[in-house]
Every structure is written in structure tokens, then in C-alpha cells.
>>> print(open('query_24.pdb').read())   # PDB, C-alpha atoms
ATOM      1  CA  ASN I 227     -14.060 -12.903  -4.463
ATOM      2  CA  ARG I 228     -13.965 -15.216  -1.421
ATOM      3  CA  LEU I 229     -15.504 -14.107   1.871
ATOM      4  CA  THR I 230     -12.981 -16.325   3.618
ATOM      5  CA  ASN I 231     -10.311 -13.829   2.498
ATOM      6  CA  SER I 232     -12.178 -10.508   2.601
ATOM      7  CA  SER I 233     -15.191  -9.743   4.740
ATOM      8  CA  GLN I 234     -16.874  -6.958   6.661
ATOM      9  CA  SER I 235     -18.307  -7.217  10.148
ATOM     10  CA  GLY I 236     -19.080  -4.647  12.809
ATOM     11  CA  GLY I 237     -17.838  -1.834  10.595
ATOM     12  CA  VAL I 238     -14.411  -3.391  10.074
ATOM     13  CA  LEU I 239     -13.119  -4.717   6.774
ATOM     14  CA  THR I 240     -10.847  -7.723   7.297
ATOM     15  CA  LEU I 241      -8.362  -9.112   4.784
ATOM     16  CA  THR I 242      -7.383 -12.618   5.842
ATOM     17  CA  ALA I 243      -4.394 -14.572   4.588
ATOM     18  CA  LYS I 244      -4.590 -18.341   5.050
ATOM     19  CA  LYS I 245      -2.302 -21.280   4.517
ATOM     20  CA  GLU I 246      -4.342 -23.560   2.297
ATOM     21  CA  SER I 247      -4.041 -25.275  -1.025
ATOM     22  CA  PHE I 248      -6.020 -23.368  -3.635
ATOM     23  CA  THR I 249      -6.243 -23.946  -7.375
ATOM     24  CA  ASP I 250      -7.200 -21.173  -9.777
ATOM     25  CA  GLN I 251      -6.928 -21.478 -13.556
ATOM     26  CA  SER I 252      -5.038 -24.778 -13.166
ATOM     27  CA  VAL I 253      -2.406 -23.188 -10.899
ATOM     28  CA  THR I 254      -2.209 -24.443  -7.313
ATOM     29  CA  LYS I 255      -0.893 -22.152  -4.590
ATOM     30  CA  SER I 256      -0.097 -22.757  -0.914
ATOM     31  CA  TYR I 257      -1.598 -19.526   0.451
ATOM     32  CA  THR I 258      -4.651 -17.343  -0.161
ATOM     33  CA  SER I 259      -5.288 -13.710   0.652
ATOM     34  CA  ALA I 260      -7.086 -10.657  -0.738
ATOM     35  CA  ARG I 261      -6.489  -7.452  -2.636
ATOM     36  CA  LEU I 262      -9.250  -4.858  -2.955
ATOM     37  CA  ILE I 263      -9.070  -2.148  -5.620
ATOM     38  CA  THR I 264     -11.218   0.821  -6.646
ATOM     39  CA  LEU I 265     -10.323   0.720 -10.365
ATOM     40  CA  GLY I 266     -13.550   0.852 -12.351
ATOM     41  CA  LYS I 267     -15.385   2.188  -9.292
ATOM     42  CA  THR I 268     -13.724   5.449  -8.284
ATOM     43  CA  THR I 269     -10.482   7.374  -8.693
ATOM     44  CA  TRP I 270      -9.105  10.649  -7.376
ATOM     45  CA  THR I 271      -6.746  13.426  -8.398
ATOM     46  CA  TYR I 272      -5.297  15.251  -5.381
ATOM     47  CA  GLY I 273      -6.708  15.286  -1.887
ATOM     48  CA  ARG I 274      -6.136  13.690   1.484
ATOM     49  CA  ILE I 275      -6.434   9.917   1.726
ATOM     50  CA  GLU I 276      -6.724   8.450   5.234
ATOM     51  CA  VAL I 277      -6.873   4.754   6.029
ATOM     52  CA  ARG I 278      -7.230   3.640   9.636
ATOM     53  CA  ALA I 279      -5.926   0.108   9.758
ATOM     54  CA  LYS I 280      -4.293  -2.502  11.946
ATOM     55  CA  ILE I 281      -1.502  -4.339  10.177
ATOM     56  CA  PRO I 282      -0.403  -7.900  10.996
ATOM     57  CA  LYS I 283       2.751  -9.361  12.479
ATOM     58  CA  GLY I 284       4.653 -12.370  11.216
ATOM     59  CA  PHE I 285       7.423 -13.443   8.852
ATOM     60  CA  GLY I 286       6.171 -13.480   5.283
ATOM     61  CA  THR I 287       3.445 -10.830   5.628
ATOM     62  CA  TRP I 288       3.474  -7.829   3.289
ATOM     63  CA  PRO I 289       0.493  -5.501   3.890
ATOM     64  CA  ALA I 290       0.228  -2.389   1.759
ATOM     65  CA  ILE I 291      -1.972   0.635   1.150
ATOM     66  CA  TRP I 292      -1.135   2.084  -2.232
ATOM     67  CA  MET I 293      -2.304   3.797  -5.413
ATOM     68  CA  LEU I 294      -1.807   3.318  -9.149
ATOM     69  CA  GLY I 295      -2.567   5.519 -12.122
ATOM     70  CA  GLU I 296      -5.932   4.920 -13.781
ATOM     71  CA  ASN I 297      -4.091   4.842 -17.131
ATOM     72  CA  ILE I 298      -2.102   1.727 -16.215
ATOM     73  CA  ASN I 299      -3.706  -0.341 -18.979
ATOM     74  CA  SER I 300      -2.647   2.153 -21.652
ATOM     75  CA  VAL I 301       0.800   3.280 -20.482
ATOM     76  CA  GLY I 302       1.772   0.379 -18.191
ATOM     77  CA  TRP I 303       3.694   0.320 -14.956
ATOM     78  CA  PRO I 304       5.649   2.298 -13.822
ATOM     79  CA  ALA I 305       4.722   5.105 -16.235
ATOM     80  CA  CYS I 306       1.239   5.229 -14.673
ATOM     81  CA  GLY I 307       2.799   6.133 -11.332
ATOM     82  CA  GLU I 308       2.615   4.273  -8.017
ATOM     83  CA  ILE I 309       2.189   5.867  -4.595
ATOM     84  CA  ASP I 310       2.909   3.594  -1.639
ATOM     85  CA  ILE I 311       1.017   5.195   1.239
ATOM     86  CA  MET I 312       2.276   2.423   3.510
ATOM     87  CA  GLU I 313       4.192  -0.825   3.178
ATOM     88  CA  HIS I 314       5.339  -3.169   5.902
ATOM     89  CA  VAL I 315       7.081  -6.530   5.809
ATOM     90  CA  GLY I 316       6.983  -8.924   8.721
ATOM     91  CA  LYS I 317      10.670  -9.810   8.406
ATOM     92  CA  ASP I 318      11.412  -6.186   9.414
ATOM     93  CA  GLN I 319       8.858  -5.810  12.175
ATOM     94  CA  ASP I 320       8.276  -2.168  13.211
ATOM     95  CA  VAL I 321      10.017  -0.797  10.102
ATOM     96  CA  MET I 322       7.693   1.160   7.814
ATOM     97  CA  PHE I 323       8.296   1.929   4.146
ATOM     98  CA  TRP I 324       7.040   4.672   1.825
ATOM     99  CA  SER I 325       7.893   4.895  -1.884
ATOM    100  CA  ILE I 326       6.934   6.280  -5.246
ATOM    101  CA  HIS I 327       7.552   4.645  -8.614
ATOM    102  CA  THR I 328       7.469   6.460 -11.955
ATOM    103  CA  LYS I 329       8.835   5.902 -15.452
ATOM    104  CA  ARG I 330      12.221   7.331 -14.459
ATOM    105  CA  LEU I 331      12.114   6.654 -10.723
ATOM    106  CA  ASN I 332      11.373   2.989  -9.962
ATOM    107  CA  TRP I 333      12.769  -0.087  -8.260
ATOM    108  CA  THR I 334      13.665  -1.880 -11.507
ATOM    109  CA  LEU I 335      16.149   0.946 -12.219
ATOM    110  CA  GLY I 336      17.109   1.324  -8.565
ATOM    111  CA  THR I 337      16.061   4.977  -8.709
ATOM    112  CA  GLN I 338      12.807   4.952  -6.738
ATOM    113  CA  GLN I 339      12.280   7.602  -4.105
ATOM    114  CA  THR I 340      11.793   5.669  -0.888
ATOM    115  CA  PHE I 341      12.091   6.094   2.857
ATOM    116  CA  SER I 342      12.004   3.735   5.817
ATOM    117  CA  LYS I 343      11.636   4.405   9.499
ATOM    118  CA  ARG I 344      11.324   2.316  12.646
ATOM    119  CA  VAL I 345       7.937   2.889  14.296
ATOM    120  CA  ASN I 346       7.872   0.769  17.438
ATOM    121  CA  GLY I 347       4.668  -1.154  18.115
ATOM    122  CA  ILE I 348       3.219  -0.361  14.690
ATOM    123  CA  SER I 349       1.220  -3.614  14.591
ATOM    124  CA  ASN I 350      -0.161  -3.399  18.111
ATOM    125  CA  ASP I 351      -3.199  -1.236  17.363
ATOM    126  CA  PHE I 352      -5.057   0.668  14.669
ATOM    127  CA  ARG I 353      -3.058   3.519  13.131
ATOM    128  CA  VAL I 354      -4.033   6.204  10.619
ATOM    129  CA  PHE I 355      -1.971   6.061   7.430
ATOM    130  CA  LYS I 356      -2.370   9.324   5.530
ATOM    131  CA  LEU I 357      -1.356  10.848   2.217
ATOM    132  CA  ASP I 358      -1.654  14.556   1.426
ATOM    133  CA  TRP I 359      -1.469  14.835  -2.370
ATOM    134  CA  THR I 360      -1.208  18.026  -4.398
ATOM    135  CA  LYS I 361       0.210  19.001  -7.770
ATOM    136  CA  GLU I 362       3.318  20.194  -5.929
ATOM    137  CA  ARG I 363       4.063  17.339  -3.528
ATOM    138  CA  LEU I 364       3.173  14.092  -1.757
ATOM    139  CA  GLN I 365       3.355  13.959   2.040
ATOM    140  CA  PHE I 366       3.118  10.698   3.979
ATOM    141  CA  TYR I 367       1.975  10.459   7.612
ATOM    142  CA  ILE I 368       1.200   8.029  10.391
ATOM    143  CA  ASP I 369      -1.133   9.429  13.061
ATOM    144  CA  ASP I 370      -0.446  13.036  11.930
ATOM    145  CA  VAL I 371       3.337  12.577  12.138
ATOM    146  CA  LEU I 372       4.974  13.491   8.815
ATOM    147  CA  TYR I 373       7.570  10.911   7.757
ATOM    148  CA  PHE I 374       8.285  11.429   4.049
ATOM    149  CA  THR I 375       7.825  14.115   1.401
ATOM    150  CA  VAL I 376       8.205  13.863  -2.378
ATOM    151  CA  ASN I 377       8.284  17.145  -4.270
ATOM    152  CA  ASN I 378       7.353  17.760  -7.882
ATOM    153  CA  ASP I 379      10.644  19.171  -9.188
ATOM    154  CA  GLY I 380       9.210  20.187 -12.536
ATOM    155  CA  ARG I 381      10.896  17.529 -14.686
ATOM    156  CA  GLY I 382       7.572  16.305 -16.083
ATOM    157  CA  VAL I 383       5.365  13.229 -15.897
ATOM    158  CA  ASP I 384       8.254  10.779 -16.295
ATOM    159  CA  PHE I 385       9.295  11.901 -12.803
ATOM    160  CA  TYR I 386       5.988  13.101 -11.311
ATOM    161  CA  PRO I 387       2.945  11.601 -13.081
ATOM    162  CA  PHE I 388       0.777  12.323 -10.044
ATOM    163  CA  ILE I 389      -1.298  14.985 -11.794
ATOM    164  CA  ALA I 390      -3.869  12.484 -13.079
ATOM    165  CA  PRO I 391      -6.433  10.090 -11.554
ATOM    166  CA  GLN I 392      -5.233   7.269  -9.331
ATOM    167  CA  TYR I 393      -7.094   4.357  -7.779
ATOM    168  CA  LEU I 394      -6.618   2.816  -4.341
ATOM    169  CA  LEU I 395      -5.472  -0.684  -3.430
ATOM    170  CA  LEU I 396      -5.602  -2.423  -0.056
ATOM    171  CA  ASN I 397      -3.870  -5.763   0.160
ATOM    172  CA  LEU I 398      -2.182  -8.337   2.341
ATOM    173  CA  ALA I 399       0.404 -10.193   0.305
ATOM    174  CA  ILE I 400       2.325 -13.248   1.483
ATOM    175  CA  GLY I 401       5.947 -13.696   0.417
ATOM    176  CA  GLY I 402       6.968 -12.026  -2.819
ATOM    177  CA  ASN I 403       9.858  -9.705  -3.651
ATOM    178  CA  ALA I 404       9.542  -7.701  -0.439
ATOM    179  CA  GLY I 405       7.773 -10.192   1.821
ATOM    180  CA  GLY I 406      10.594 -12.675   1.412
ATOM    181  CA  SER I 407      10.927 -16.401   0.939
ATOM    182  CA  THR I 408      10.825 -17.168   4.686
ATOM    183  CA  ILE I 409       7.211 -17.562   5.767
ATOM    184  CA  ASP I 410       6.243 -18.518   9.305
ATOM    185  CA  ASP I 411       3.358 -20.926   8.790
ATOM    186  CA  SER I 412       2.459 -20.784  12.495
ATOM    187  CA  ILE I 413       0.966 -17.278  12.103
ATOM    188  CA  PHE I 414      -1.967 -18.286   9.903
ATOM    189  CA  PRO I 415      -4.656 -17.190   9.600
ATOM    190  CA  VAL I 416      -3.271 -13.645   9.743
ATOM    191  CA  ARG I 417      -5.309 -10.493   9.243
ATOM    192  CA  MET I 418      -5.159  -6.867   8.159
ATOM    193  CA  GLU I 419      -8.113  -4.911   9.545
ATOM    194  CA  VAL I 420      -9.419  -1.652   8.095
ATOM    195  CA  ASP I 421     -11.649   0.604  10.192
ATOM    196  CA  TYR I 422     -12.192   3.231   7.486
ATOM    197  CA  VAL I 423     -11.039   4.798   4.241
ATOM    198  CA  ARG I 424     -11.687   8.530   3.950
ATOM    199  CA  VAL I 425     -10.873  10.832   1.058
ATOM    200  CA  TYR I 426     -11.049  14.607   1.405
ATOM    201  CA  GLN I 427     -10.911  16.920  -1.605
TER     202      GLN I 427
END
>>> encode(input="query_24.pdb", output="C-alpha cells")
Amino acid sequence: NRLTNSSQSGGVLTLTAKKESFTDQSVTKSYTSARLITLGKTTWTYGRIEVRAKIPKGFGTWPAIWMLGENINSVGWPACGEIDIMEHVGKDQDVMFWSIHTKRLNWTLGTQQTFSKRVNGISNDFRVFKLDWTKERLQFYIDDVLYFTVNNDGRGVDFYPFIAPQYLLLNLAIGGNAGGSTIDDSIFPVRMEVDYVRVYQ
């Protein structure tokens, strides 16, 4: 809820991560950033989701465009289902990641369906990160190039819960499980810029 971390200007939404001491609910942290979610505002079941964004560079950054099941508060994670339309970590510059997590396929079990691919210059300009989502499959693209497909193999919602509403998340995390413990403090402030989010059904 701080404009210093999320703001809109000239048609571009900017998520800004900063190195600063910040205390919230008696807990002091060394960095601030933003996560924007559509839960409680809008959800979708099936369709094409396109996000045109420019992701940052730098050790410690972990930008992501992802989705979670609207039923997360009743069934929990990962049973609600998670679709990672795009993940990137600055320690592996130019390597992109796509994953799904479900009750039976998730990182805590080491069974998640995931794919990574080097995409040179990925942080140099705006790129379109796209998901085509149907009852039968999930297909993940960058700039109309298909990189990863997950098929519904008919084993039920424990494996493919993506037949129910999901909400969208845009965030720029710092550190964490994927971002890593090595953070280059010289990069701050660092930004993820979003030109548009479009959903076609």
C-alpha cells in the first residue's frame, strides 16, 4: 500500500524494490517491494493471459507473474493450484522458469512440473509473457514463442486443479528460496515495469 513501491505513470505500472529499513507489525526488514493481486477483485477460468513487462537485472531479484486458485483459503496451497506464467532470478540472468504446483505435483515433494530455458537479453526490453489455458492444457510463451506445455492427463484435480477460478499476482521479490541469499545492494532501487495485462476469453 505504499506508492514508493507500486505506482502508475504514463500508462506503466512500476513495482519498485528498495533497500531500506522498514518496520511492519513490530518486524523490521532490510528491503521493501510490492506484490499486486486480483483476489477479491477478479478471477478467471480458462483463457489467454498476456502481460507485457520489463523484468529487472541484479543478484537477489525474483520477479514473477503467476496465478493461484481462488479456493486457496479453503483448501490451502498447493491443492489450490499454482501456475507460474514467468519466474526469473537475478543469480541466473537470462534463464527463465515456468512451473506448476498442485497437491501431488509441487516443489515440497520435488515433483513439480517445471522447465527452464536461456533467453538471452530477457531483461533488456519489454517482453510479452503469455499463458494459454484450457481444460486440456497450459501453454507458456514469450513473445509468441512456445516454451512449455503441461497437459491434463486425466488423473484428477490433485494433478490438474486448473479447472476452477484463479487469480493473478504480479510481484518483485528480493531474496527468498529462489532469489537466493546473495543480494547485490548496489542495484537498488530496482524495478519491474508492466505495460499491460490483458485477458482474453
>>> resolve_selection(input="query_24.pdb", expression="the PyMOL selection byres ((chain I and resi 355) around 6)", output="list in words")
Glu276, Val277, Val354, Lys356, Tyr367 and Ile368 of chain I
>>> closest_residue(input="query_24.pdb", among="I:Asp310, I:Arg353, I:Gln338, I:Gly286", to="I:Gly401", atoms="all atoms listed in the file")
I:Gly286
>>> closest_residue(input="query_24.pdb", among="I:Asp250, I:Leu364, I:Phe285, I:Asn299", to="I:Trp324", atoms="all atoms listed in the file")
I:Leu364
>>> residues_near_point(input="query_24.pdb", point="(-7.1, -12.2, 0.8)", cutoff="10 Å", atoms="only C-alpha atoms", output="list in words")
Asn227, Arg228, Leu229, Thr230, Asn231, Ser232, Ser233, Thr240, Leu241, Thr242, Ala243, Lys244, Tyr257, Thr258, Ser259, Ala260, Arg261, Leu262, Leu396, Asn397, Leu398, Ala399, Ile400, Val416, Arg417 and Met418 of chain I
>>> closest_residue(input="query_24.pdb", among="I:Gly405, I:Gly284, I:Gly307, I:Gly266", to="I:Phe385", atoms="all atoms listed in the file")
I:Gly307
